[in-house]
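S.K.: Below is the file coords_10.txt, which contains compact mmCIF, C-alpha atoms.
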# COMPACT_ATOMS: atom_id res chain seq x y z
CA LEU A 262 6.35 29.62 3.64
CA GLY A 263 4.07 28.81 0.72
CA GLY A 264 4.77 25.08 0.86
CA GLN A 265 2.71 21.93 1.22
CA LYS A 266 2.73 19.23 3.89
CA ASN A 267 0.93 16.00 4.60
CA ALA A 268 1.38 12.53 6.06
CA LEU A 269 0.41 8.93 5.40
CA THR A 270 0.48 5.59 7.19
CA SER A 271 0.88 2.27 5.39
CA CYS A 272 0.93 -1.27 6.74
CA ASP A 273 4.69 -0.92 7.32
CA TYR A 274 5.55 2.71 8.15
CA THR A 275 4.39 6.29 8.70
CA ALA A 276 5.69 9.08 6.46
CA TYR A 277 5.60 12.86 6.77
CA TYR A 278 6.48 15.02 3.80
CA GLU A 279 6.80 18.65 2.81
CA ARG A 280 7.41 20.52 -0.43
CA VAL A 281 9.00 23.96 -0.11
CA ALA A 282 11.26 26.30 -2.03
CA LYS A 283 14.94 25.39 -1.71
CA GLN A 284 15.78 28.29 0.60
CA HIS A 285 13.36 26.94 3.23
CA LEU A 286 14.94 23.49 3.52
CA GLY A 287 16.67 24.44 6.75
CA LYS A 288 13.37 25.41 8.38
CA MET A 289 11.78 22.13 7.27
CA MET A 290 14.68 20.14 8.74
CA GLU A 291 14.28 22.08 11.98
CA LEU A 292 10.55 21.36 12.12
CA GLU A 293 11.00 17.66 11.36
CA ALA A 294 13.61 17.40 14.13
CA GLU A 295 11.18 19.09 16.51
CA ARG A 296 8.61 16.41 15.63
CA MET A 297 10.78 13.98 17.61
CA THR A 298 11.13 16.09 20.74
CA ASP A 299 8.27 18.49 21.45
CA LEU A 300 4.95 16.75 20.87
CA ILE A 301 2.35 17.79 23.45
CA ILE A 302 -0.11 15.10 24.56
CA ASP A 303 -2.34 15.63 27.57
CA GLU A 304 -5.71 14.63 29.04
CA ASP A 305 -7.45 17.86 27.99
CA PRO A 306 -10.79 16.79 26.44
CA ASP A 307 -10.41 19.68 24.01
CA GLY A 308 -6.73 18.97 23.47
CA SER A 309 -5.13 17.69 20.29
CA PHE A 310 -4.99 13.98 21.22
CA ILE A 311 -8.68 13.63 22.06
CA THR A 312 -9.83 15.75 19.12
CA GLU A 313 -7.59 13.90 16.66
CA ARG A 314 -8.79 10.55 18.03
CA ASP A 315 -12.32 11.68 17.21
CA VAL A 316 -11.17 12.70 13.73
CA VAL A 317 -9.82 9.18 13.15
CA ARG A 318 -13.10 7.69 14.36
CA GLU A 319 -15.03 9.82 11.88
CA GLU A 320 -12.56 9.01 9.12
CA ARG A 321 -13.04 5.29 9.72
CA ARG A 322 -16.82 5.76 9.78
CA GLN A 323 -16.78 7.53 6.41
CA ARG A 324 -14.14 5.45 4.64
CA ILE A 325 -15.08 1.98 5.86
CA GLU A 326 -18.28 1.69 7.85
CA HIS A 327 -20.35 3.63 5.31
CA ASN A 328 -18.72 1.85 2.36
CA PRO A 329 -19.99 -1.71 1.70
CA ASN A 330 -17.05 -2.52 -0.57
CA ALA A 331 -14.56 -1.39 2.08
CA ILE A 332 -16.35 -3.45 4.74
CA LEU A 333 -16.12 -6.60 2.63
CA GLN A 334 -12.48 -5.97 1.74
CA GLU A 335 -11.61 -5.47 5.41
CA GLN A 336 -13.30 -8.78 6.24
CA VAL A 337 -11.55 -10.62 3.40
CA LEU A 338 -8.10 -9.21 4.17
CA GLY A 339 -8.63 -9.86 7.87
CA GLU A 340 -9.14 -13.53 6.99
CA PHE A 341 -6.27 -13.55 4.48
CA TRP A 342 -3.86 -12.05 7.05
CA LYS A 343 -5.35 -13.81 10.08
CA GLY A 344 -2.82 -13.93 12.92
CA HIS A 345 -0.47 -11.51 11.13
CA PRO A 346 0.05 -7.84 12.10
CA TYR A 347 -1.53 -6.83 8.77
CA GLU A 348 -4.80 -8.42 9.91
CA ILE A 349 -6.02 -5.17 11.47
CA THR A 350 -6.59 -2.47 8.88
CA VAL A 351 -4.22 0.52 8.99
CA ILE A 352 -6.79 2.92 10.44
CA GLY A 353 -7.61 0.42 13.21
CA LEU A 354 -10.86 -1.08 14.42
CA MET A 355 -13.43 1.30 15.85
CA GLU A 356 -13.30 -0.21 19.34
CA GLU A 357 -9.51 0.11 19.34
CA VAL A 358 -9.57 3.73 18.27
CA GLU A 359 -12.21 4.61 20.86
CA ALA A 360 -10.15 2.97 23.63
CA LEU A 361 -6.93 4.88 22.90
CA THR A 362 -5.76 7.08 25.76
CA PRO A 363 -3.32 10.00 25.85
CA GLN A 364 -0.94 7.71 27.75
CA ASP A 365 -1.01 5.27 24.81
CA GLY A 366 0.00 8.16 22.57
CA ILE A 367 2.82 9.26 24.90
CA ASP A 368 4.21 5.73 25.21
CA PHE A 369 4.20 5.18 21.45
CA TYR A 370 5.71 8.58 20.74
CA ARG A 371 8.53 8.22 23.27
CA LYS A 372 9.52 4.81 21.96
CA TYR A 373 9.34 5.19 18.20
CA TYR A 374 9.81 8.89 17.41
CA SER A 375 13.56 8.69 17.78
CA PRO A 376 16.34 9.48 15.27
CA GLU A 377 17.56 5.88 15.07
CA ASN A 378 14.08 4.92 13.88
CA ALA A 379 13.79 7.59 11.16
CA ILE A 380 14.78 7.78 7.51
CA LEU A 381 15.35 11.20 5.92
CA VAL A 382 14.90 11.63 2.18
CA VAL A 383 15.59 14.99 0.52
CA ALA A 384 15.02 15.44 -3.21
CA GLY A 385 15.73 18.62 -5.11
CA ASP A 386 18.41 21.11 -6.07
CA VAL A 387 20.70 20.34 -3.13
CA THR A 388 23.92 18.46 -2.54
CA GLY A 389 24.55 15.62 -0.15
CA GLU A 390 26.95 17.77 1.83
CA GLU A 391 24.34 20.49 2.33
CA VAL A 392 21.81 17.98 3.61
CA LYS A 393 24.31 16.23 5.89
CA GLU A 394 25.30 19.55 7.46
CA LEU A 395 21.68 20.47 8.16
CA ALA A 396 20.92 17.00 9.46
CA ALA A 397 23.88 17.12 11.85
CA ASP A 398 22.74 20.49 13.20
CA ASP A 399 19.07 19.51 13.65
CA TYR A 400 18.93 15.74 14.15
CA GLY A 401 22.42 15.22 15.51
CA GLN A 402 21.54 16.99 18.75
CA ILE A 403 18.64 14.63 19.57
CA GLU A 404 19.39 11.85 22.02
CA PRO A 405 18.11 8.42 20.92
CA SER A 406 15.25 7.12 23.00
CA GLY A 407 17.11 3.90 23.73
CA LEU A 408 13.82 2.04 23.40
CA VAL A 409 14.05 1.14 19.70
CA ASP A 410 15.68 -2.27 19.37
CA GLY A 411 15.43 -2.50 15.60
CA THR A 412 13.04 -5.45 15.56
CA ARG A 413 9.87 -5.35 13.50
CA LYS A 414 6.75 -7.48 13.54
CA TRP A 415 7.33 -8.76 10.03
CA GLN A 416 6.62 -12.45 9.59
CA ASP A 417 5.52 -14.89 6.93
CA VAL A 418 1.84 -14.85 6.07
CA ALA A 419 0.40 -18.31 6.58
CA PRO A 420 -1.33 -19.63 3.43
CA LEU A 421 -5.01 -20.46 3.84
CA GLY A 422 -5.66 -24.13 4.39
CA GLU A 423 -8.99 -24.09 2.58
CA THR A 424 -11.07 -22.01 0.19
CA LYS A 425 -13.47 -19.66 1.96
CA GLU A 426 -16.41 -17.70 0.62
CA MET A 427 -17.38 -14.37 2.15
CA VAL A 428 -20.46 -12.32 1.27
CA HIS A 429 -21.54 -8.87 2.40
CA ARG A 430 -24.95 -7.45 1.50
CA ASP A 431 -26.08 -3.86 1.98
CA PRO A 432 -29.10 -1.95 0.66
CA LYS A 433 -26.76 0.87 -0.43
CA VAL A 434 -25.14 -1.37 -3.05
CA ARG A 435 -26.32 -0.57 -6.57
CA GLN A 436 -23.71 -2.55 -8.50
CA PRO A 437 -22.55 -5.95 -7.20
CA SER A 438 -18.88 -6.88 -7.32
CA TRP A 439 -17.07 -10.22 -7.22
CA SER A 440 -13.46 -11.01 -6.38
CA ARG A 441 -11.26 -13.99 -5.64
CA TYR A 442 -8.07 -13.67 -3.58
CA TYR A 443 -5.00 -15.93 -3.77
CA TYR A 444 -1.87 -16.22 -1.65
CA GLY A 445 0.75 -13.97 -3.23
CA THR A 446 4.22 -12.61 -2.49
CA SER A 447 6.10 -9.35 -1.96
CA THR A 448 8.89 -7.66 -3.86
CA ILE A 449 11.10 -7.37 -0.78
CA ARG A 450 10.86 -11.12 -0.10
CA ASP A 451 10.96 -12.53 -3.64
CA PRO A 452 11.72 -9.78 -6.19
CA GLU A 453 11.96 -12.02 -9.26
CA PHE A 454 8.70 -13.84 -8.62
CA ALA A 455 6.89 -10.64 -7.58
CA LEU A 456 7.96 -8.89 -10.78
CA ALA A 457 6.86 -11.82 -12.93
CA LEU A 458 3.55 -11.88 -11.05
CA ASP A 459 3.00 -8.16 -11.67
CA VAL A 460 3.69 -8.58 -15.39
CA GLY A 461 1.50 -11.65 -15.68
CA LEU A 462 -1.45 -10.12 -13.85
CA SER A 463 -1.17 -6.97 -15.94
CA VAL A 464 -1.36 -9.05 -19.13
CA LEU A 465 -4.24 -11.02 -17.66
CA GLY A 466 -6.32 -8.17 -16.23
CA GLY A 467 -4.50 -4.85 -16.18
CA GLY A 468 -6.73 -2.38 -17.96
CA PHE A 469 -8.96 -2.10 -21.02
CA THR A 470 -6.59 -4.01 -23.32
CA SER A 471 -6.12 -6.97 -20.96
CA MET A 472 -7.27 -10.48 -21.79
CA LEU A 473 -9.94 -10.68 -19.09
CA TYR A 474 -11.44 -7.32 -19.98
CA GLU A 475 -11.61 -8.06 -23.70
CA ALA A 476 -13.10 -11.52 -23.16
CA LEU A 477 -15.61 -10.81 -20.38
CA VAL A 478 -16.60 -7.19 -21.05
CA GLU A 479 -16.21 -6.67 -24.78
CA ASP A 480 -16.80 -10.16 -26.22
CA GLN A 481 -19.06 -12.09 -23.83
CA LYS A 482 -20.62 -8.96 -22.28
CA VAL A 483 -21.16 -10.74 -18.95
CA ALA A 484 -19.31 -8.04 -17.01
CA ILE A 485 -19.00 -4.26 -16.99
CA SER A 486 -15.51 -4.49 -15.50
CA ALA A 487 -12.92 -7.22 -14.98
CA GLY A 488 -9.27 -7.38 -14.03
CA SER A 489 -6.51 -8.71 -11.84
CA ALA A 490 -3.75 -7.28 -9.64
CA ALA A 491 -1.53 -8.05 -6.65
CA TRP A 492 -0.28 -6.35 -3.50
CA THR A 493 3.47 -6.83 -3.94
CA SER A 494 4.68 -3.56 -2.38
CA LEU A 495 4.34 -4.60 1.28
CA HIS A 496 7.17 -6.17 3.26
CA ASP A 497 5.24 -9.39 3.88
CA GLN A 498 3.15 -11.43 1.48
CA GLY A 499 0.06 -9.76 0.04
CA PRO A 500 -2.75 -11.25 -2.04
CA ALA A 501 -3.08 -11.63 -5.78
CA PHE A 502 -6.68 -11.25 -6.89
CA LEU A 503 -9.22 -11.35 -9.70
CA TYR A 504 -12.23 -9.04 -9.75
CA ALA A 505 -15.28 -8.40 -11.89
CA SER A 506 -18.68 -6.72 -11.77
CA PRO A 507 -21.66 -8.32 -13.58
CA SER A 508 -23.63 -6.84 -16.45
CA PRO A 509 -27.38 -6.29 -15.84
CA GLY A 510 -29.21 -9.61 -15.68
CA VAL A 511 -26.06 -11.66 -15.01
CA SER A 512 -25.99 -13.45 -11.65
CA MET A 513 -22.92 -13.63 -9.47
CA GLU A 514 -22.77 -17.39 -10.02
CA GLU A 515 -22.81 -16.92 -13.81
CA LEU A 516 -20.14 -14.24 -13.56
CA GLU A 517 -17.85 -16.41 -11.44
CA THR A 518 -18.26 -19.34 -13.83
CA ALA A 519 -17.38 -17.11 -16.79
CA VAL A 520 -14.31 -15.61 -15.06
CA MET A 521 -12.91 -18.95 -13.98
CA ALA A 522 -13.60 -20.56 -17.37
CA GLU A 523 -11.73 -17.73 -19.10
CA LEU A 524 -8.85 -18.03 -16.64
CA GLU A 525 -8.58 -21.77 -17.30
CA LYS A 526 -8.56 -21.13 -21.04
CA ILE A 527 -5.84 -18.49 -20.75
CA LEU A 528 -3.67 -20.71 -18.54
CA GLU A 529 -4.03 -23.53 -21.07
CA ASP A 530 -3.39 -21.41 -24.17
CA GLY A 531 -0.70 -19.19 -22.62
CA PHE A 532 0.18 -15.55 -23.23
CA ASP A 533 1.11 -13.99 -26.55
CA ASP A 534 4.67 -12.71 -26.62
CA GLU A 535 3.41 -9.42 -28.05
CA ASP A 536 1.09 -8.82 -25.09
CA VAL A 537 3.85 -9.52 -22.59
CA GLU A 538 6.27 -7.24 -24.45
CA ARG A 539 3.71 -4.42 -24.51
CA VAL A 540 3.08 -4.70 -20.76
CA LYS A 541 6.80 -4.84 -19.91
CA ASN A 542 7.53 -1.76 -22.01
CA SER A 543 4.62 0.07 -20.39
CA MET A 544 5.83 -0.80 -16.88
CA ALA A 545 9.39 0.24 -17.72
CA ALA A 546 8.21 3.53 -19.22
CA GLU A 547 6.04 4.25 -16.19
CA ALA A 548 9.04 3.76 -13.90
CA ILE A 549 11.18 6.07 -16.03
CA TYR A 550 8.52 8.79 -16.18
CA ALA A 551 8.13 8.57 -12.39
CA ARG A 552 11.64 9.98 -12.10
CA ASP A 553 10.36 13.29 -13.46
CA SER A 554 8.66 13.94 -10.11
CA GLN A 555 11.02 14.68 -7.22
CA GLN A 556 8.22 14.16 -4.70
CA ASN A 557 7.26 10.83 -6.23
CA MET A 558 10.83 9.55 -6.21
CA ALA A 559 11.38 10.69 -2.61
CA GLN A 560 8.27 8.80 -1.51
CA ILE A 561 9.24 5.68 -3.46
CA PHE A 562 12.78 5.65 -2.07
CA GLY A 563 11.65 6.45 1.49
CA GLY A 564 8.98 3.74 1.54
CA TRP A 565 11.34 1.17 0.05
CA LEU A 566 14.12 1.99 2.54
CA ALA A 567 11.61 1.80 5.41
CA ILE A 568 11.00 -1.88 4.67
CA GLY A 569 14.68 -2.67 4.24
CA GLY A 570 14.99 -2.38 0.47
CA ASP A 571 17.95 -1.27 -1.67
CA VAL A 572 17.26 1.79 -3.85
CA ASN A 573 19.29 0.25 -6.66
CA TYR A 574 16.24 -1.94 -7.29
CA PHE A 575 14.40 1.09 -8.68
CA VAL A 576 17.41 2.35 -10.60
CA GLU A 577 17.67 -1.02 -12.37
CA TYR A 578 13.91 -1.66 -12.60
CA PRO A 579 13.35 -0.77 -16.30
CA ASP A 580 15.99 -3.29 -17.41
CA THR A 581 14.85 -5.89 -14.88
CA VAL A 582 11.20 -5.79 -15.91
CA ARG A 583 12.11 -6.03 -19.59
CA ALA A 584 14.03 -9.23 -18.78
CA VAL A 585 10.86 -11.06 -17.62
CA THR A 586 10.00 -13.79 -20.11
CA THR A 587 6.57 -14.84 -21.31
CA GLN A 588 6.93 -18.13 -19.44
CA ASP A 589 7.91 -16.28 -16.26
CA ALA A 590 4.79 -14.13 -16.48
CA LEU A 591 2.51 -17.11 -17.08
Step by step, read the file and then write its structure as structure tokens.
M.R.:
Amino acid sequence: LGGQKNALTSCDYTAYYERVAKQHLGKMMELEAERMTDLIIDEDPDGSFITERDVVREERRQRIEHNPNAILQEQVLGEFWKGHPYEITVIGLMEEVEALTPQDGIDFYRKYYSPENAILVVAGDVTGEEVKELAADDYGQIEPSGLVDGTRKWQDVAPLGETKEMVHRDPKVRQPSWSRYYYGTSTIRDPEFALALDVGLSVLGGGFTSMLYEALVEDQKVAISAGSAAWTSLHDQGPAFLYASPSPGVSMEELETAVMAELEKILEDGFDDEDVERVKNSMAAEAIYARDSQQNMAQIFGGWLAIGGDVNYFVEYPDTVRAVTTQDAL
């Protein structure tokens, strides 16, 4: 039909999406409904389950096991989220993937691929009544599995009791990198603090005009990159982190000392109101421009609803982010 389709899995949900011309919406609704009823999984070694399991193994090999930075990040996040469902990376551990059987796939599919466990988002030149009518015709005929009880494995992330240092060395590495992770938060759990954290970390290390970049890269020239960010879009608490990569001749110890000294100085001196205002306006503008893309908005709304959020948060976001004060951000 000349459209596009793809899928993604995050720490909290799986999403399938299509883009088609308006007149093909009915066909897409029909196909998405069929996704809940007619999946074929069998023991055929050349069948789709076994071949796709091998695809996932190769994807993990390429994305993680051949990437030193990804290996280290997996180790760090595994320690940060130890004992939490997020501990295991989304793609899974190699031994887990290799051990999956067709029966595992059938059991998972029968339990979770049920209409009471799905969220439908349609964006485009349609009305709510049109979509409801199509949904009733296609999804309304599907019997719930009866196995979905509505509970999720969300839980508080336990803060680390001590500072830990982790190092990964690999001959493939040509440019070292350094990072430091801190216990953070999530927007769904603490929206005001998460928003202030996002603003503050953007002022501190969000791009080429940030304080860390100007101090460490442009002025002191001890790093070729430096910044800060946080994972606030998950349901449960994610990390806030600093990162930097040393200039030639600068040791990792010297780089860490420089980063932490600059952080201490910034925390003591505070933020300039002008920097905070610039970042807030940029974040508000980015949210407004995002509304120009129907696909982008559908994905934002769907992901937010999947973790129990209220879409009004995004409607009100530009005004909310502009209300963050300099002291809040610091």
S.K.: If we count only C-alpha atoms and set the cut-off at 9 Å, which residues sit around A:Gly467, ignoring sequence neighbours fewer than 4 positions away in its own chain? Please answer as a PyMOL selection string.
M.R.: chain A and resi 462-463+471-474+487-490+540
S.K.: Using all atoms listed in the file, find each residue of stretch 475-546 of chain A with at least one atom at most 6 Å away from an atom of stretch 419-442 of chain A; report its shortest atom-to-atom pair and that distance in Å (one decimal), sort the rows by chain and rising residue number, and return the result as a Markdown table.
M.R.:
| residue | atom | partner | partner_atom | distance |
| --- | --- | --- | --- | --- |
| A:Ala501 | CA | A:Tyr442 | CA | 5.8 |
| A:Phe502 | CA | A:Tyr442 | CA | 4.3 |
| A:Leu503 | CA | A:Arg441 | CA | 5.3 |
| A:Tyr504 | CA | A:Ser440 | CA | 4.1 |
| A:Ala505 | CA | A:Trp439 | CA | 5.3 |
| A:Ser506 | CA | A:Ser438 | CA | 4.5 |
S.K.: Please determine, counting only C-alpha atoms, which residue among A:Ala584, A:Met290, A:Ala522, A:Val460 has the shortest atom-to-atom distance to A:Lys393.
M.R.: A:Met290
S.K.: Residues within 10 Å of A:Asp580, please, as a list of chain:residue names. Count only C-alpha atoms; anything in the same chain fewer than 4 positions from it doesn't count.
M.R.: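 Returned residues: A:Lys541, A:Asn542, A:Ala545, A:Phe575, A:Val576, A:Ala584, A:Val585.
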S.K.: May I ask for the distance between atom CA of A:Ile301 and atom CA of A:Leu395, given in Å to one decimal place?
M.R.: 24.8 Å
S.K.: Using only C-alpha atoms, list the residues that have an atom at most 8 Å from (12.2, 6.0, 9.3), coordinates as in the file, as a PyMOL selection string.
M.R.: chain A and resi 274-276+377-381+563+567
S.K.: Quick one: distance from atom CA of A:Asp459 to atom CA of A:Ala491 in Å, one decimal?
M.R.: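 Separation of atom CA of A:Asp459 and atom CA of A:Ala491: 6.8 Å.
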S.K.: For A:Ile568, list every protein, DNA or RNA residue within 10 Å, evaluated using all atoms listed in the file, and leave out those in the same chain fewer than 4 positions away; present the list as number ranges by chain.
M.R.: A: 273-274, 413, 415, 449, 494-497, 563-564
S.K.: Please, which residues are within 12 Å of (10.1, -13.6, -8.4) by the file's coordinates, counting all atoms listed in the file, and could they come as a list in words?
M.R.: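 Collected hits near the coordinates: Gly445, Thr446, Ser447, Thr448, Ile449, Arg450, Asp451, Pro452, Glu453, Phe454, Ala455, Leu456, Ala457, Leu458, Asp459, Val460, Gly461, Thr493, Thr581, Val582, Ala584, Val585, Thr586, Asp589 and Ala590 of chain A.
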S.K.: Could you pull stretch 489-502 of chain A out of the structure just shown and give N, CA and C atoms as a CSV table (one decimal), in the first residue's frame?
M.R.:
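Produced file part_14.csv, reproduced below:
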chain,number,residue,atom,x,y,z
A,489,SER,N,26.3,16.4,30.2
A,489,SER,CA,25.5,15.8,31.2
A,489,SER,C,24.1,15.5,30.7
A,490,ALA,N,23.4,14.6,31.3
A,490,ALA,CA,22.1,14.2,30.8
A,490,ALA,C,21.4,13.3,31.9
A,491,ALA,N,20.2,13.0,31.7
A,491,ALA,CA,19.5,12.1,32.6
A,491,ALA,C,18.5,11.2,31.8
A,492,TRP,N,18.2,10.0,32.3
A,492,TRP,CA,17.1,9.2,31.8
A,492,TRP,C,15.9,9.4,32.6
A,493,THR,N,15.1,10.4,32.2
A,493,THR,CA,13.9,10.7,33.0
A,493,THR,C,12.6,10.2,32.3
A,494,SER,N,12.7,9.5,31.2
A,494,SER,CA,11.5,9.1,30.4
A,494,SER,C,11.0,7.7,30.7
A,495,LEU,N,11.7,7.0,31.6
A,495,LEU,CA,11.2,5.7,32.0
A,495,LEU,C,10.2,5.8,33.1
A,496,HIS,N,9.5,4.7,33.4
A,496,HIS,CA,8.5,4.7,34.4
A,496,HIS,C,9.3,4.8,35.8
A,497,ASP,N,10.3,4.0,36.0
A,497,ASP,CA,11.0,4.0,37.2
A,497,ASP,C,12.3,4.8,37.1
A,498,GLN,N,12.9,5.0,38.2
A,498,GLN,CA,14.1,5.9,38.3
A,498,GLN,C,15.2,5.5,37.4
A,499,GLY,N,15.7,6.5,36.6
A,499,GLY,CA,16.9,6.3,35.8
A,499,GLY,C,18.0,7.1,36.3
A,500,PRO,N,19.2,7.0,35.7
A,500,PRO,CA,20.4,7.7,36.2
A,500,PRO,C,20.5,9.1,35.6
A,501,ALA,N,21.1,10.0,36.4
A,501,ALA,CA,21.7,11.2,35.8
A,501,ALA,C,23.2,11.0,35.7
A,502,PHE,N,23.8,11.6,34.7
A,502,PHE,CA,25.2,11.3,34.5
A,502,PHE,C,26.0,12.4,33.8
